[in-house]
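One file, run.cif, carrying mmCIF, C-alpha atoms and all ligand atoms:
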```
data_my_file
#
loop_
_atom_site.label_atom_id
_atom_site.label_comp_id
_atom_site.auth_asym_id
_atom_site.auth_seq_id
_atom_site.Cartn_x
_atom_site.Cartn_y
_atom_site.Cartn_z
CA MET Q 13 -27.52 238.35 71.76
CA GLU Q 14 -24.21 240.15 71.69
CA ILE Q 15 -21.25 239.37 69.51
CA HIS Q 16 -18.06 241.13 70.48
CA ILE Q 17 -14.91 239.78 68.85
CA GLN Q 18 -11.74 241.62 69.70
CA GLN Q 19 -9.47 239.17 67.91
CA ALA Q 20 -9.86 235.62 66.69
CA GLY Q 21 -8.02 233.18 64.48
CA TYR Q 22 -6.46 229.80 64.02
CA VAL Q 23 -3.08 230.47 65.67
CA ALA Q 24 -2.51 232.31 68.98
CA ASN Q 25 -1.75 236.00 68.52
CA GLU Q 26 -2.23 235.79 64.75
CA PRO Q 27 -5.76 237.13 64.32
CA SER Q 28 -7.67 236.39 61.12
CA ILE Q 29 -10.48 238.72 62.24
CA GLU Q 30 -10.49 241.78 64.50
CA GLN Q 31 -13.00 244.15 66.09
CA ILE Q 32 -16.25 242.67 64.91
CA GLU Q 33 -19.22 243.72 67.01
CA PHE Q 34 -22.92 243.38 66.40
CA LEU Q 35 -26.20 242.43 68.04
CA ILE Q 36 -28.79 239.87 67.03
CA THR Q 37 -32.22 240.74 68.39
CA PRO Q 38 -35.05 238.19 68.76
CA GLY Q 39 -36.90 237.55 65.50
CA GLU Q 40 -34.18 239.20 63.44
CA ILE Q 41 -32.19 237.82 60.50
CA VAL Q 42 -28.62 239.12 60.43
CA GLY Q 43 -26.74 238.64 57.16
CA LEU Q 44 -22.98 238.21 57.32
CA ILE Q 45 -21.67 239.44 53.99
CA GLY Q 46 -18.17 239.63 52.51
CA GLY Q 47 -15.91 238.37 49.73
CA ASN Q 48 -13.86 235.17 49.85
CA GLY Q 49 -11.54 235.21 52.84
CA ALA Q 50 -13.28 238.24 54.39
CA GLY Q 51 -13.76 236.38 57.68
CA LYS Q 52 -17.37 235.17 57.62
CA SER Q 53 -16.67 231.56 58.56
CA THR Q 54 -14.09 232.64 61.15
CA THR Q 55 -16.74 234.92 62.68
CA ILE Q 56 -19.18 232.01 62.76
CA GLN Q 57 -16.54 229.72 64.33
CA SER Q 58 -15.99 232.43 66.97
CA VAL Q 59 -19.72 232.72 67.69
CA LEU Q 60 -19.90 228.91 68.02
CA GLY Q 61 -16.95 228.99 70.42
CA VAL Q 62 -14.82 226.58 68.38
CA ILE Q 63 -12.11 228.92 67.09
CA PRO Q 64 -8.64 228.06 68.47
CA TYR Q 65 -7.67 231.66 69.32
CA PHE Q 66 -10.31 234.06 70.64
CA GLU Q 67 -10.48 237.28 72.62
CA GLY Q 68 -13.85 238.87 73.18
CA ASP Q 69 -17.34 238.12 74.48
CA ILE Q 70 -20.13 236.14 72.90
CA SER Q 71 -23.53 235.76 74.53
CA ILE Q 72 -25.96 233.59 72.62
CA PRO Q 73 -28.70 231.07 73.53
CA SER Q 74 -28.90 227.48 72.26
CA TYR Q 75 -28.74 227.26 68.48
CA GLY Q 76 -29.20 225.09 65.43
CA TYR Q 77 -26.25 225.14 63.05
CA VAL Q 78 -25.79 224.42 59.35
CA PRO Q 79 -22.06 224.26 58.59
CA GLU Q 80 -20.49 225.52 55.37
CA ARG Q 81 -19.83 221.92 54.28
CA PRO Q 82 -22.03 218.97 55.30
CA LEU Q 83 -20.69 217.10 58.35
CA LEU Q 84 -21.90 213.52 58.22
CA TYR Q 85 -21.05 210.28 60.00
CA GLU Q 86 -19.61 207.85 57.47
CA HIS Q 87 -21.35 204.72 58.78
CA PHE Q 88 -24.69 206.24 59.89
CA THR Q 89 -27.82 206.03 57.75
CA LEU Q 90 -30.09 209.08 57.55
CA ARG Q 91 -32.36 207.41 60.12
CA GLU Q 92 -29.40 206.89 62.48
CA HIS Q 93 -28.30 210.52 62.11
CA LEU Q 94 -31.78 211.60 63.19
CA GLN Q 95 -32.06 208.98 65.94
CA PHE Q 96 -28.72 210.12 67.37
CA LEU Q 97 -30.05 213.67 67.74
CA ILE Q 98 -33.49 212.55 68.97
CA ASP Q 99 -31.86 210.33 71.63
CA GLU Q 100 -30.04 213.39 72.96
CA PHE Q 101 -33.42 215.02 73.64
CA HIS Q 102 -35.09 211.82 74.93
CA ASP Q 103 -38.18 212.65 72.90
CA GLU Q 104 -39.40 210.09 70.33
CA ASN Q 105 -42.19 212.54 69.39
CA LEU Q 106 -39.50 214.44 67.49
CA TRP Q 107 -39.86 211.75 64.80
CA HIS Q 108 -43.14 213.44 63.81
CA LYS Q 109 -41.31 216.70 63.13
CA ALA Q 110 -38.44 214.81 61.48
CA ASN Q 111 -40.84 213.13 59.05
CA GLN Q 112 -42.43 216.49 58.20
CA LEU Q 113 -39.02 218.01 57.42
CA LEU Q 114 -37.87 214.95 55.44
CA THR Q 115 -41.02 215.16 53.31
CA LEU Q 116 -40.64 218.92 52.91
CA PHE Q 117 -37.15 218.44 51.50
CA GLN Q 118 -38.11 215.26 49.59
CA ILE Q 119 -35.58 212.95 51.24
CA ASP Q 120 -38.14 210.89 53.18
CA LYS Q 121 -37.59 207.84 50.94
CA ARG Q 122 -33.86 207.76 51.75
CA LEU Q 123 -34.04 207.10 55.52
CA ASP Q 124 -32.14 203.82 55.32
CA ASP Q 125 -29.39 205.03 53.01
CA LEU Q 126 -26.00 206.46 53.96
CA PRO Q 127 -25.98 210.27 53.48
CA ILE Q 128 -22.25 210.29 52.66
CA TYR Q 129 -23.28 208.82 49.27
CA PHE Q 130 -26.03 211.41 48.71
CA SER Q 131 -25.68 214.19 46.14
CA LYS Q 132 -24.32 217.54 47.36
CA GLY Q 133 -27.78 219.14 47.49
CA MET Q 134 -29.27 216.14 49.28
CA GLN Q 135 -26.49 216.24 51.89
CA GLN Q 136 -27.30 219.92 52.40
CA LYS Q 137 -30.95 218.95 52.94
CA VAL Q 138 -29.87 216.43 55.60
CA MET Q 139 -27.97 219.19 57.43
CA LEU Q 140 -31.05 221.44 57.24
CA VAL Q 141 -33.36 218.73 58.60
CA LEU Q 142 -30.95 218.11 61.51
CA ALA Q 143 -30.57 221.84 62.26
CA PHE Q 144 -34.30 222.61 62.14
CA LEU Q 145 -35.50 219.47 63.92
CA ILE Q 146 -35.21 221.14 67.32
CA GLU Q 147 -36.93 224.52 67.77
CA ARG Q 148 -34.25 226.95 68.90
CA PRO Q 149 -34.04 230.67 69.69
CA LEU Q 150 -31.15 231.02 67.21
CA TYR Q 151 -30.11 229.40 63.92
CA ILE Q 152 -26.62 229.88 62.54
CA LEU Q 153 -26.63 229.12 58.82
CA ASP Q 154 -23.38 229.14 56.83
CA GLU Q 155 -24.25 229.22 53.10
CA PRO Q 156 -27.53 227.32 53.65
CA PHE Q 157 -28.70 227.63 50.02
CA MET Q 158 -25.59 225.95 48.62
CA GLY Q 159 -26.56 223.19 46.18
CA LEU Q 160 -30.33 223.39 46.81
CA ASP Q 161 -32.72 223.06 43.88
CA PRO Q 162 -35.32 225.84 43.40
CA ARG Q 163 -38.06 223.92 45.20
CA ALA Q 164 -35.86 223.19 48.25
CA MET Q 165 -34.73 226.83 48.23
CA ARG Q 166 -38.38 227.94 48.42
CA GLU Q 167 -39.12 225.45 51.22
CA LEU Q 168 -36.09 226.68 53.19
CA LEU Q 169 -37.17 230.32 52.79
CA MET Q 170 -40.63 229.40 54.09
CA LEU Q 171 -39.14 227.45 57.00
CA ILE Q 172 -36.90 230.38 57.95
CA ASP Q 173 -39.88 232.74 57.79
CA GLU Q 174 -42.02 230.40 59.91
CA ARG Q 175 -39.38 230.13 62.67
CA LYS Q 176 -38.75 233.89 62.48
CA GLN Q 177 -42.48 234.55 63.00
CA GLN Q 178 -42.21 232.37 66.13
CA GLY Q 179 -39.45 234.67 67.41
CA ALA Q 180 -36.30 232.83 66.32
CA SER Q 181 -33.22 234.78 65.26
CA PHE Q 182 -30.81 233.94 62.46
CA LEU Q 183 -27.18 234.57 61.70
CA LEU Q 184 -26.89 233.86 57.99
CA CYS Q 185 -23.78 233.85 55.88
CA THR Q 186 -24.30 233.98 52.11
CA HIS Q 187 -22.81 235.17 48.84
CA GLN Q 188 -26.28 235.32 47.30
CA LEU Q 189 -26.87 238.99 47.91
CA GLU Q 190 -30.16 239.24 46.02
CA MET Q 191 -31.52 236.54 48.29
CA ALA Q 192 -29.97 238.19 51.36
CA GLU Q 193 -31.58 241.51 50.46
CA LYS Q 194 -35.05 239.90 50.48
CA LEU Q 195 -34.41 237.94 53.64
CA CYS Q 196 -32.25 239.86 56.12
CA ASP Q 197 -33.18 242.66 58.51
CA HIS Q 198 -29.63 243.71 59.30
CA TYR Q 199 -26.30 243.25 57.55
CA VAL Q 200 -22.74 242.98 58.79
CA LEU Q 201 -20.27 243.58 55.96
CA LEU Q 202 -16.78 242.17 56.43
CA HIS Q 203 -13.61 242.90 54.52
CA GLU Q 204 -10.14 241.51 55.22
CA GLY Q 205 -11.14 240.33 58.69
CA ARG Q 206 -12.69 243.59 59.80
CA MET Q 207 -16.16 245.06 59.91
CA GLN Q 208 -16.56 247.42 56.99
CA ALA Q 209 -20.13 248.54 57.71
CA GLN Q 210 -23.29 247.34 59.39
CA GLY Q 211 -26.95 248.28 59.47
CA THR Q 212 -30.29 247.83 57.75
CA LEU Q 213 -30.45 248.18 53.96
CA GLN Q 214 -31.58 251.79 54.44
CA GLU Q 215 -28.70 252.52 56.78
CA LEU Q 216 -26.22 251.00 54.33
CA GLN Q 217 -27.77 253.07 51.53
CA GLN Q 218 -27.18 256.16 53.66
CA ILE Q 219 -23.55 255.15 54.19
CA VAL Q 220 -22.94 254.91 50.42
CA GLY Q 221 -25.23 257.89 49.75
CA GLN Q 222 -27.34 256.13 47.13
CA PRO Q 223 -30.65 254.16 47.22
CA ILE Q 224 -29.08 251.06 45.62
CA SER Q 225 -29.33 247.28 46.04
CA LEU Q 226 -27.28 245.30 48.56
CA LEU Q 227 -25.23 243.90 45.67
CA ASP Q 228 -24.44 247.43 44.43
CA ILE Q 229 -23.64 248.54 47.99
CA PHE Q 230 -21.19 245.62 48.18
CA TYR Q 231 -19.53 246.69 44.88
CA GLU Q 232 -19.55 250.35 45.92
CA LEU Q 233 -17.84 249.63 49.26
CA GLN Q 234 -15.31 247.29 47.61
CA GLY Q 235 -14.57 249.96 45.02
CA ARG Q 236 -13.82 252.49 47.72
CA LEU Q 237 -11.04 250.41 49.24
N1 LIG K 1 -8.49 226.57 59.06
C1 LIG K 1 -7.81 227.70 58.87
N2 LIG K 1 -6.52 227.82 59.27
C2 LIG K 1 -5.85 228.96 59.10
N3 LIG K 1 -6.37 230.08 58.53
C3 LIG K 1 -7.63 230.02 58.11
C4 LIG K 1 -8.43 228.83 58.26
N4 LIG K 1 -9.67 229.10 57.75
C5 LIG K 1 -9.63 230.37 57.31
N5 LIG K 1 -8.42 230.93 57.53
C6 LIG K 1 -8.01 232.31 57.20
O1 LIG K 1 -8.89 233.23 57.84
C7 LIG K 1 -9.20 234.30 56.97
C8 LIG K 1 -10.71 234.42 56.85
O2 LIG K 1 -11.20 233.24 56.23
P1 LIG K 1 -12.73 232.77 56.34
O3 LIG K 1 -12.77 231.31 56.00
O4 LIG K 1 -13.29 233.23 57.61
O5 LIG K 1 -13.36 233.64 55.13
P2 LIG K 1 -14.84 233.61 54.51
O6 LIG K 1 -15.31 235.03 54.52
O7 LIG K 1 -15.67 232.60 55.18
O8 LIG K 1 -14.50 233.19 53.01
P3 LIG K 1 -15.29 232.31 51.92
O9 LIG K 1 -16.36 233.20 51.36
O10 LIG K 1 -14.24 232.03 50.91
O11 LIG K 1 -15.82 231.07 52.59
C9 LIG K 1 -8.49 234.02 55.64
O12 LIG K 1 -7.33 234.80 55.59
C10 LIG K 1 -8.17 232.57 55.70
O13 LIG K 1 -6.96 232.29 55.03
#
```
Could you rewrite the structure in this file as structure tokens?
Amino acid sequence: MEIHIQQAGYVANEPSIEQIEFLITPGEIVGLIGGNGAGKSTTIQSVLGVIPYFEGDISIPSYGYVPERPLLYEHFTLREHLQFLIDEFHDENLWHKANQLLTLFQIDKRLDDLPIYFSKGMQQKVMLVLAFLIERPLYILDEPFMGLDPRAMRELLMLIDERKQQGASFLLCTHQLEMAEKLCDHYVLLHEGRMQAQGTLQELQQIVGQPISLLDIFYELQGRL
């Protein structure tokens, strides 16, 4: 999977991000790292093909997506959200998987309630269940740990690992660098809309010349600017 963004943004000829290029290989977790406004979400919008202004090339397979903020239908119950997706695939057997995921994230008792009235963490769980319901070659996760309790966080980490073992790839955007360091195989560091560095943890350590944590690499690179 190749990501090549020459320029992209919200208004024509006014790029918010420029010259961002990286690969996602099968079974690999790529962490998109950067401070507020660095361009992570804009990069994700570009990869998804929904950014208003874009020059470049993106080649990715079908994906599951967890947006930065939960996107829910106001008048749909949790059951209806799932049924809507299951109908798209014409496969009622997906309810078996849906029930497993609902139980995993402990929202199985809320099927007939409206998710727009759920707590923040529970809404995040709904987005995770919807994204992981279908087995995909790629998952794009924008701040997937946001609002999750420790148990749900552990379940999500196990789910990511399980799909990774099956060959799925991940593009993961997070500010939780200690978590990212345990999880990701490759990092893309953004700053002010550009790629500051990329590589494995070891490669990033070589760039800064010290065997330090991802968090310290982030501080070190910020300090150099
Ligand atoms: N909807 C929008 N319209 C116009 N400009 C935007 C929009 N969203 C983001 N931007 C601009 O694009 C740049 C990159 O923002 P982006 O949201 O990609 O950053 P981010 O790395 O995801 O930040 P954060 O960690 O705060 O979520 C910023 O300068 C921001 O002001």
Please, which residues in chain Q fall within 9 Å of ligand LIG 1 (chain K) when counting only C-alpha atoms and all ligand atoms, and what is the closest atom pair and distance in Å to one decimal for each, ordered by chain then residue number, as a tab-separated table?
```
residue	atom	partner	partner_atom	distance
Q:Gly21	CA	K:LIG1	O1	6.7
Q:Tyr22	CA	K:LIG1	C2	5.0
Q:Val23	CA	K:LIG1	C2	7.3
Q:Pro27	CA	K:LIG1	O1	8.2
Q:Ser28	CA	K:LIG1	O1	4.7
Q:Ile29	CA	K:LIG1	C8	6.9
Q:Leu44	CA	K:LIG1	O6	8.8
Q:Ile45	CA	K:LIG1	O6	7.8
Q:Gly46	CA	K:LIG1	O6	5.8
Q:Gly47	CA	K:LIG1	O9	5.4
Q:Asn48	CA	K:LIG1	O10	3.3
Q:Gly49	CA	K:LIG1	O5	3.3
Q:Ala50	CA	K:LIG1	O6	3.8
Q:Gly51	CA	K:LIG1	O4	3.2
Q:Lys52	CA	K:LIG1	O6	3.7
Q:Ser53	CA	K:LIG1	O7	3.7
Q:Thr54	CA	K:LIG1	O4	3.7
Q:Thr55	CA	K:LIG1	O4	6.4
Q:Ile56	CA	K:LIG1	O4	7.9
Q:Gln57	CA	K:LIG1	O4	8.2
Q:Glu80	CA	K:LIG1	O11	7.8
Q:Asp154	CA	K:LIG1	O7	8.6
Q:Glu155	CA	K:LIG1	O11	8.6
Q:Cys185	CA	K:LIG1	O7	8.2
Q:Thr186	CA	K:LIG1	O9	8.0
Q:His187	CA	K:LIG1	O9	7.2
Q:Leu202	CA	K:LIG1	O6	7.5
Q:His203	CA	K:LIG1	O6	8.1
Q:Glu204	CA	K:LIG1	O12	7.3
Q:Gly205	CA	K:LIG1	C8	6.2
```
Who sits within 12 Å of Asn111 in chain Q, all atoms listed in the file, same chain under 2 positions skipped, as number ranges by chain: Q: 90-91, 94-95, 104-109, 113-123, 138, 141-142, 144-145
Non-local contacts of Leu195 in chain Q (10 Å; all atoms listed in the file; under 5 positions in same chain excluded) as a PyMOL selection string: chain Q and resi 40-43+169+172-173+184+189-190
Go ahead and dump the residues you just picked, C-alpha atoms, as a PDB file, in the coordinates of the input.
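Here's the written file out-v4.pdb:
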```pdb
ATOM      1  CA  GLU Q  40     -34.180 239.200  63.440  1.00  0.00           C
ATOM      2  CA  ILE Q  41     -32.190 237.820  60.500  1.00  0.00           C
ATOM      3  CA  VAL Q  42     -28.620 239.120  60.430  1.00  0.00           C
ATOM      4  CA  GLY Q  43     -26.740 238.640  57.160  1.00  0.00           C
ATOM      5  CA  LEU Q 169     -37.170 230.320  52.790  1.00  0.00           C
ATOM      6  CA  ILE Q 172     -36.900 230.380  57.950  1.00  0.00           C
ATOM      7  CA  ASP Q 173     -39.880 232.740  57.790  1.00  0.00           C
ATOM      8  CA  LEU Q 184     -26.890 233.860  57.990  1.00  0.00           C
ATOM      9  CA  LEU Q 189     -26.870 238.990  47.910  1.00  0.00           C
ATOM     10  CA  GLU Q 190     -30.160 239.240  46.020  1.00  0.00           C
TER      11      GLU Q 190
END
```
One-decimal distance in Å that lies between CA of Ser58 in chain Q and CA of Leu84 in chain Q: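 CA of Ser58 in chain Q lies 21.7 Å from CA of Leu84 in chain Q.
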Nearby residues (all atoms listed in the file) at most 8 Å from Phe182 in chain Q, same-chain spacing under 6 positions excluded, as a PyMOL selection string: chain Q and resi 36+39-42+150-153+176
CA of Met191 in chain Q to CA of Gln222 in chain Q, straight-line distance in Å: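 Calculated distance between CA of Gln222 in chain Q and CA of Met191 in chain Q is 20.1 Å.
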Selected residue of minimal separation from Glu26 in chain Q among Q:Asp103, Q:Pro38, Q:Val200, Q:Tyr65, counting all atoms listed in the file: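 Nearest candidate to Glu26 in chain Q out of Q:Asp103, Q:Pro38, Q:Val200, Q:Tyr65: Q:Tyr65.
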Residue neighbourhood range 72-74 of chain Q, 10 Å, only C-alpha atoms, exclusion window fewer than 4 positions, as an NGL selection string: :Q and (13-15 or 35-36 or 59-60 or 147-151)
Two-atom distance - CA of Gly211 in chain Q, CA of Ala164 in chain Q (Å): 28.9 Å
Distance criterion (only C-alpha atoms): nearest to Glu100 in chain Q out of Q:Ile70, Q:Ile146, Q:Val62, Q:Leu233: Q:Ile146
Contact residues around Pro127 in chain Q with only C-alpha atoms at 8 Å, ignoring same-chain residues under 2 positions, as a ChimeraX atom specification: /Q:84,86,88-90,125,129-130,134-135,138
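In this comparison, which uses only C-alpha atoms, the residue of Q:Glu193, Q:Met207, Q:Gln188, Q:Gly235 approaching Val220 in chain Q most closely is Q:Gly235.
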Among listed residues Q:His102, Q:His198, Q:His16, Q:Arg81, nearest Phe157 in chain Q (using only C-alpha atoms): Q:Arg81
Nearest candidate to Leu126 in chain Q (options Q:Ala110, Q:His87, Q:Met170, Q:Met158; using all atoms listed in the file): Q:His87
